Amino acid sequence: MFDWLLRHVLLRGLPSETAEACIRHPEVSALLRFRFAYLFAFHAPVLVPLLELLGGQPSGPGDPSLSVLSLGLASLTMVLADVPTGFYADRHGSKAALRLGLLATNVIMMGFLALGVVRALLPASSGLLGLGAAVVLLLEASIGVSLALLSGADTVLFLQVAKRSGIPGLLHSSFEGVGSSIRYLGTMVAVLIGSLLYDLATRLLPEVAVRTAVQSGLFGLTVLAEVVALFQLAKLHDDHSPVRRPGLRELAAGFAAILRFPRFFAEMWLLSMAAAVALFAVYLVQSPLSRLATQLASQVPWLWPTYTLVAVLGYYACSVGSQRYARHRGESLAVVPQRSLGLAGLSWLLLLLLPLCLWLFDGSALRSGILLGGAAVLCLAYNYIRGFIEPYSAATLIRFMQEQGGQVPVSVISGFNSLKRGAHFGYSAVFYLLQQRSQRTDPDARLSQSLTWLALGFLLVCLPVLGSLRSPKTAE
């Protein structure tokens, strides 16, 4: 069956003889199966609602602050772990880094599953349930380390195997684009199945404890998918090419060099801030989407697949954003200031969408429906922005370095990735504090207030660099 999927879907853009050679080649076939399965995260589209259930709701029902903070913490630990995990990959190879990262992820997923079972079995009055928040934070922080192990190592191993196969059409580095599309399709399938199972449990299991345990089973399904990926990974040979990540000294040198070009630094700062807020918002809107979709489905039963539809379309929007980047990858660097400013401005305006909906429709019977629509728009729009910015910013950095004759070191790419992840943690932490300090009991009003203040903060971190957009590109 997977061979049919490779032939007619995953490798459809390649010449037929190349696709057939990939299917017949044992190592390449195992490589493609690994790429399809290793990010088969069934829990991904409903991670925030699940974390709300597992960690408890310290500020009342429907409060996503702890869940969002834990995801931001994963970004922070990923930044901190990037250098030591890079040293591990340097010493042991990309395959070893992938294997350790997947094994660590499986242990963490089993931890989430166990937490779900414990919350279902223990009575609500049990003092042990208060530990749920700490466990969620610990597990999500650990996820950042496992993601750092996976980051970059999959690309290195993918291109190694493709080059070693000798199959025409696989020898150019652009074949990584085929690998990315296979990985993305695997995630799409997992998102669809995970969302459907989550919605089905919500509809069929009214008892909260039982529903929590069953929905936590999505973490177990993710483990099964990664076991399949580990089995395929074992079939691959590693040439042990080092996966070199810059150390802290190199990152500092990279930023010092880029600061000599104030306009370009301002452009990349705006792109990094917009990417960080998009990453924050993509996770955040899972909570109101799930809650509002469930409320409406209880009144209009045929609306129960709403969350599933929006989750799948969100990942599709991410793909569309990446495709749009492909159409703009050859544009002049002179366009980047306007595009950076436009994306940052759009991100800021979207952050105000839910508060605006609440203000316009406060007290209206249509408020839940309007807010659901606003959350859905945010999900699609921010996924689209994220899909566009991530490859666009990396390509812009590389082109700028080439124009400057290599004066800007490669480590600056890792530096801006760390900046984006660090900003994501910052947004998440500020949102958590705002939610905890809010005096409002209505979850929609509390969310609206927090997002309004967060939008103001986002504007403040963007304003200082706007004047630099008029500076020349080259060093003075």
# chains A, B, ... in the order shown; residues from 1 in each chain; ligands from 1
$ residues_around --residues "Ala225 of chain A" --least-positions-apart "3" --cutoff "9 Å" --atoms "only C-alpha atoms" --output "PDB file with N, CA and C atoms, in the first residue's frame"
ATOM      1  N   ALA A  37       6.706   8.730   8.570  1.00  0.00           N
ATOM      2  CA  ALA A  37       6.174   8.306   9.872  1.00  0.00           C
ATOM      3  C   ALA A  37       6.739   9.061  11.069  1.00  0.00           C
ATOM      4  N   TYR A  38       7.923   9.665  10.951  1.00  0.00           N
ATOM      5  CA  TYR A  38       8.587  10.079  12.190  1.00  0.00           C
ATOM      6  C   TYR A  38       7.972  11.318  12.841  1.00  0.00           C
ATOM      7  N   LEU A  39       7.176  12.079  12.100  1.00  0.00           N
ATOM      8  CA  LEU A  39       6.443  13.189  12.711  1.00  0.00           C
ATOM      9  C   LEU A  39       4.941  12.955  12.597  1.00  0.00           C
ATOM     10  N   PHE A  40       4.557  11.688  12.725  1.00  0.00           N
ATOM     11  CA  PHE A  40       3.148  11.299  12.668  1.00  0.00           C
ATOM     12  C   PHE A  40       2.530  11.567  14.037  1.00  0.00           C
ATOM     13  N   ALA A  41       2.373  12.844  14.369  1.00  0.00           N
ATOM     14  CA  ALA A  41       1.945  13.247  15.714  1.00  0.00           C
ATOM     15  C   ALA A  41       0.425  13.344  15.778  1.00  0.00           C
ATOM     16  N   PHE A  42      -0.222  12.292  16.290  1.00  0.00           N
ATOM     17  CA  PHE A  42      -1.672  12.287  16.383  1.00  0.00           C
ATOM     18  C   PHE A  42      -2.188  13.355  17.343  1.00  0.00           C
ATOM     19  N   GLY A 220      -0.292   7.816  22.972  1.00  0.00           N
ATOM     20  CA  GLY A 220       0.111   6.436  22.731  1.00  0.00           C
ATOM     21  C   GLY A 220       0.165   6.100  21.253  1.00  0.00           C
ATOM     22  N   LEU A 221      -0.788   6.616  20.471  1.00  0.00           N
ATOM     23  CA  LEU A 221      -0.760   6.392  19.021  1.00  0.00           C
ATOM     24  C   LEU A 221       0.475   7.034  18.395  1.00  0.00           C
ATOM     25  N   THR A 222       0.865   8.199  18.898  1.00  0.00           N
ATOM     26  CA  THR A 222       2.084   8.844  18.406  1.00  0.00           C
ATOM     27  C   THR A 222       3.305   7.966  18.678  1.00  0.00           C
ATOM     28  N   VAL A 228       7.443   2.679  14.517  1.00  0.00           N
ATOM     29  CA  VAL A 228       7.572   2.342  13.095  1.00  0.00           C
ATOM     30  C   VAL A 228       8.725   3.124  12.473  1.00  0.00           C
ATOM     31  N   ALA A 229       8.820   4.409  12.802  1.00  0.00           N
ATOM     32  CA  ALA A 229       9.899   5.237  12.267  1.00  0.00           C
ATOM     33  C   ALA A 229      11.267   4.727  12.726  1.00  0.00           C
ATOM     34  N   LEU A 230      11.382   4.325  13.987  1.00  0.00           N
ATOM     35  CA  LEU A 230      12.646   3.778  14.491  1.00  0.00           C
ATOM     36  C   LEU A 230      13.018   2.490  13.770  1.00  0.00           C
TER      37      LEU A 230
END
$ select_by_dssp --residues "segment 233-475 of chain A" --states "alpha helix (DSSP H)" --output "ChimeraX atom specification"
/A:233,248-258,262-284,286-299,306-328,336-351,353-361,367-403,411-437,443-466
$ residues_around --residues "Pro49 of chain A" --least-positions-apart "4" --cutoff "9 Å" --atoms "only C-alpha atoms" --output "VMD selection string"
chain A and resid 53 to 54 62 64 67 286 to 288 290 to 291
$ residues_around --residues "segment 164-170 of chain A" --least-positions-apart "5" --cutoff "8 Å" --atoms "only C-alpha atoms" --output "PyMOL selection string"
chain A and resi 14+18+21-22+25+27-28+175
$ atom_distance --atom1 "atom CA of His92 of chain A" --atom2 "atom CA of Gly72 of chain A"
29.0 Å
$ residues_around --residues "Glu267 of chain A" --least-positions-apart "2" --cutoff "12 Å" --atoms "only C-alpha atoms" --output "ChimeraX atom specification"
/A:258-259,261-265,269-274,333-344,389,392-393,396-397,400,416,462-473
$ write_last_selection --atoms "N, CA and C atoms" --output "compact mmCIF listing (two decimals), in the first residue's frame"
# COMPACT_ATOMS: atom_id res chain seq x y z
N ILE A 258 26.02 41.11 11.95
CA ILE A 258 24.78 41.55 11.30
C ILE A 258 24.35 42.91 11.77
N LEU A 259 24.75 43.31 13.00
CA LEU A 259 24.39 44.63 13.50
C LEU A 259 25.08 45.74 12.72
N PHE A 261 24.72 46.07 9.71
CA PHE A 261 23.77 46.34 8.63
C PHE A 261 22.40 46.61 9.26
N PRO A 262 22.18 47.82 9.76
CA PRO A 262 20.99 48.08 10.58
C PRO A 262 19.67 47.80 9.87
N ARG A 263 19.58 48.13 8.56
CA ARG A 263 18.31 47.90 7.89
C ARG A 263 18.01 46.40 7.80
N PHE A 264 19.03 45.63 7.45
CA PHE A 264 18.81 44.19 7.31
C PHE A 264 18.48 43.56 8.67
N PHE A 265 19.15 44.03 9.73
CA PHE A 265 18.83 43.53 11.06
C PHE A 265 17.37 43.83 11.40
N TRP A 269 14.58 41.13 12.26
CA TRP A 269 13.94 41.24 13.57
C TRP A 269 12.41 41.18 13.41
N LEU A 270 11.87 41.93 12.46
CA LEU A 270 10.43 41.93 12.23
C LEU A 270 9.94 40.55 11.80
N LEU A 271 10.69 39.90 10.91
CA LEU A 271 10.29 38.56 10.47
C LEU A 271 10.33 37.58 11.64
N SER A 272 11.35 37.68 12.50
CA SER A 272 11.46 36.78 13.65
C SER A 272 10.32 37.01 14.63
N MET A 273 9.99 38.27 14.90
CA MET A 273 8.89 38.56 15.83
C MET A 273 7.55 38.08 15.27
N ALA A 274 7.33 38.28 13.96
CA ALA A 274 6.09 37.81 13.35
C ALA A 274 6.01 36.29 13.36
N LEU A 333 16.08 41.65 -2.96
CA LEU A 333 16.18 41.91 -1.52
C LEU A 333 15.65 43.29 -1.16
N ALA A 334 15.49 44.16 -2.16
CA ALA A 334 14.93 45.48 -1.89
C ALA A 334 13.46 45.40 -1.47
N VAL A 335 12.81 44.27 -1.78
CA VAL A 335 11.39 44.10 -1.42
C VAL A 335 11.24 43.67 0.04
N VAL A 336 12.31 43.13 0.63
CA VAL A 336 12.21 42.53 1.96
C VAL A 336 11.73 43.51 3.03
N PRO A 337 12.18 44.79 3.05
CA PRO A 337 11.68 45.69 4.10
C PRO A 337 10.16 45.82 4.09
N GLN A 338 9.58 46.01 2.88
CA GLN A 338 8.12 46.14 2.79
C GLN A 338 7.43 44.84 3.20
N ARG A 339 7.99 43.71 2.78
CA ARG A 339 7.36 42.43 3.12
C ARG A 339 7.47 42.17 4.62
N SER A 340 8.62 42.48 5.22
CA SER A 340 8.79 42.29 6.66
C SER A 340 7.81 43.16 7.44
N LEU A 341 7.69 44.42 7.03
CA LEU A 341 6.77 45.34 7.70
C LEU A 341 5.32 44.88 7.51
N GLY A 342 5.00 44.41 6.31
CA GLY A 342 3.63 43.95 6.05
C GLY A 342 3.27 42.73 6.86
N LEU A 343 4.17 41.76 6.96
CA LEU A 343 3.89 40.55 7.74
C LEU A 343 3.79 40.85 9.23
N ALA A 344 4.66 41.73 9.72
CA ALA A 344 4.58 42.11 11.14
C ALA A 344 3.27 42.85 11.42
N ILE A 389 6.91 32.49 6.31
CA ILE A 389 8.05 33.18 6.91
C ILE A 389 9.25 32.25 7.11
N TYR A 392 11.18 31.69 3.94
CA TYR A 392 11.49 32.98 3.37
C TYR A 392 12.62 33.67 4.14
N SER A 393 12.55 33.63 5.47
CA SER A 393 13.58 34.30 6.27
C SER A 393 14.93 33.60 6.13
N THR A 396 16.34 34.48 2.75
CA THR A 396 16.77 35.88 2.74
C THR A 396 18.13 36.04 3.41
N LEU A 397 18.33 35.35 4.53
CA LEU A 397 19.63 35.40 5.20
C LEU A 397 20.74 34.89 4.30
N PHE A 400 21.46 37.32 1.43
CA PHE A 400 22.15 38.52 1.90
C PHE A 400 23.62 38.23 2.17
N PHE A 416 19.14 33.72 14.50
CA PHE A 416 17.78 34.21 14.32
C PHE A 416 16.75 33.13 14.62
N CYS A 462 8.34 45.86 18.07
CA CYS A 462 8.56 46.11 16.64
C CYS A 462 8.91 47.57 16.35
N LEU A 463 8.34 48.48 17.11
CA LEU A 463 8.51 49.91 16.82
C LEU A 463 9.97 50.38 16.80
N PRO A 464 10.83 49.93 17.75
CA PRO A 464 12.19 50.49 17.78
C PRO A 464 13.01 50.26 16.52
N VAL A 465 12.69 49.24 15.73
CA VAL A 465 13.52 48.96 14.55
C VAL A 465 12.96 49.58 13.28
N LEU A 466 11.78 50.18 13.34
CA LEU A 466 11.16 50.68 12.11
C LEU A 466 11.98 51.77 11.45
N GLY A 467 12.62 52.63 12.27
CA GLY A 467 13.44 53.69 11.69
C GLY A 467 14.62 53.16 10.91
N SER A 468 15.10 51.97 11.29
CA SER A 468 16.27 51.40 10.61
C SER A 468 15.94 50.89 9.21
N LEU A 469 14.65 50.75 8.88
CA LEU A 469 14.29 50.26 7.54
C LEU A 469 14.68 51.26 6.46
N ARG A 470 14.95 52.49 6.85
CA ARG A 470 15.38 53.49 5.87
C ARG A 470 16.89 53.51 5.71
N SER A 471 17.62 52.73 6.54
CA SER A 471 19.08 52.71 6.47
C SER A 471 19.54 51.94 5.26
N PRO A 472 20.71 52.21 4.72
CA PRO A 472 21.24 51.44 3.59
C PRO A 472 21.54 50.00 3.99
N LYS A 473 21.57 49.10 2.99
CA LYS A 473 21.81 47.68 3.28
C LYS A 473 23.25 47.42 3.68
$ residues_around --residues "Leu451 of chain A" --least-positions-apart "6" --cutoff "8 Å" --atoms "only C-alpha atoms" --output "number ranges by chain"
A: 351-352, 354-355, 431
$ write_last_selection --atoms "N, CA and C atoms" --output "PDB file, in the first residue's frame"
ATOM      1  N   LEU A 351      -3.797  39.606  15.839  1.00  0.00           N
ATOM      2  CA  LEU A 351      -3.806  39.379  17.283  1.00  0.00           C
ATOM      3  C   LEU A 351      -4.958  40.130  17.961  1.00  0.00           C
ATOM      4  N   LEU A 352      -5.426  41.198  17.312  1.00  0.00           N
ATOM      5  CA  LEU A 352      -6.540  41.980  17.850  1.00  0.00           C
ATOM      6  C   LEU A 352      -7.899  41.471  17.378  1.00  0.00           C
ATOM      7  N   LEU A 354      -9.707  38.568  17.874  1.00  0.00           N
ATOM      8  CA  LEU A 354     -10.631  38.031  18.884  1.00  0.00           C
ATOM      9  C   LEU A 354     -11.112  39.108  19.861  1.00  0.00           C
ATOM     10  N   PRO A 355     -10.232  39.974  20.385  1.00  0.00           N
ATOM     11  CA  PRO A 355     -10.745  41.056  21.250  1.00  0.00           C
ATOM     12  C   PRO A 355     -11.758  41.940  20.527  1.00  0.00           C
ATOM     13  N   PHE A 431       1.715  35.989  28.289  1.00  0.00           N
ATOM     14  CA  PHE A 431       0.308  35.588  28.228  1.00  0.00           C
ATOM     15  C   PHE A 431      -0.103  34.860  29.504  1.00  0.00           C
TER      16      PHE A 431
END
$ atom_distance --atom1 "atom CA of Asp82 of chain A" --atom2 "atom CA of Gly101 of chain A"
12.3 Å
$ closest_residue --among "A:Ser70, A:Thr308, A:Ser142, A:Thr105" --to "Met188 of chain A" --atoms "only C-alpha atoms"
A:Thr308
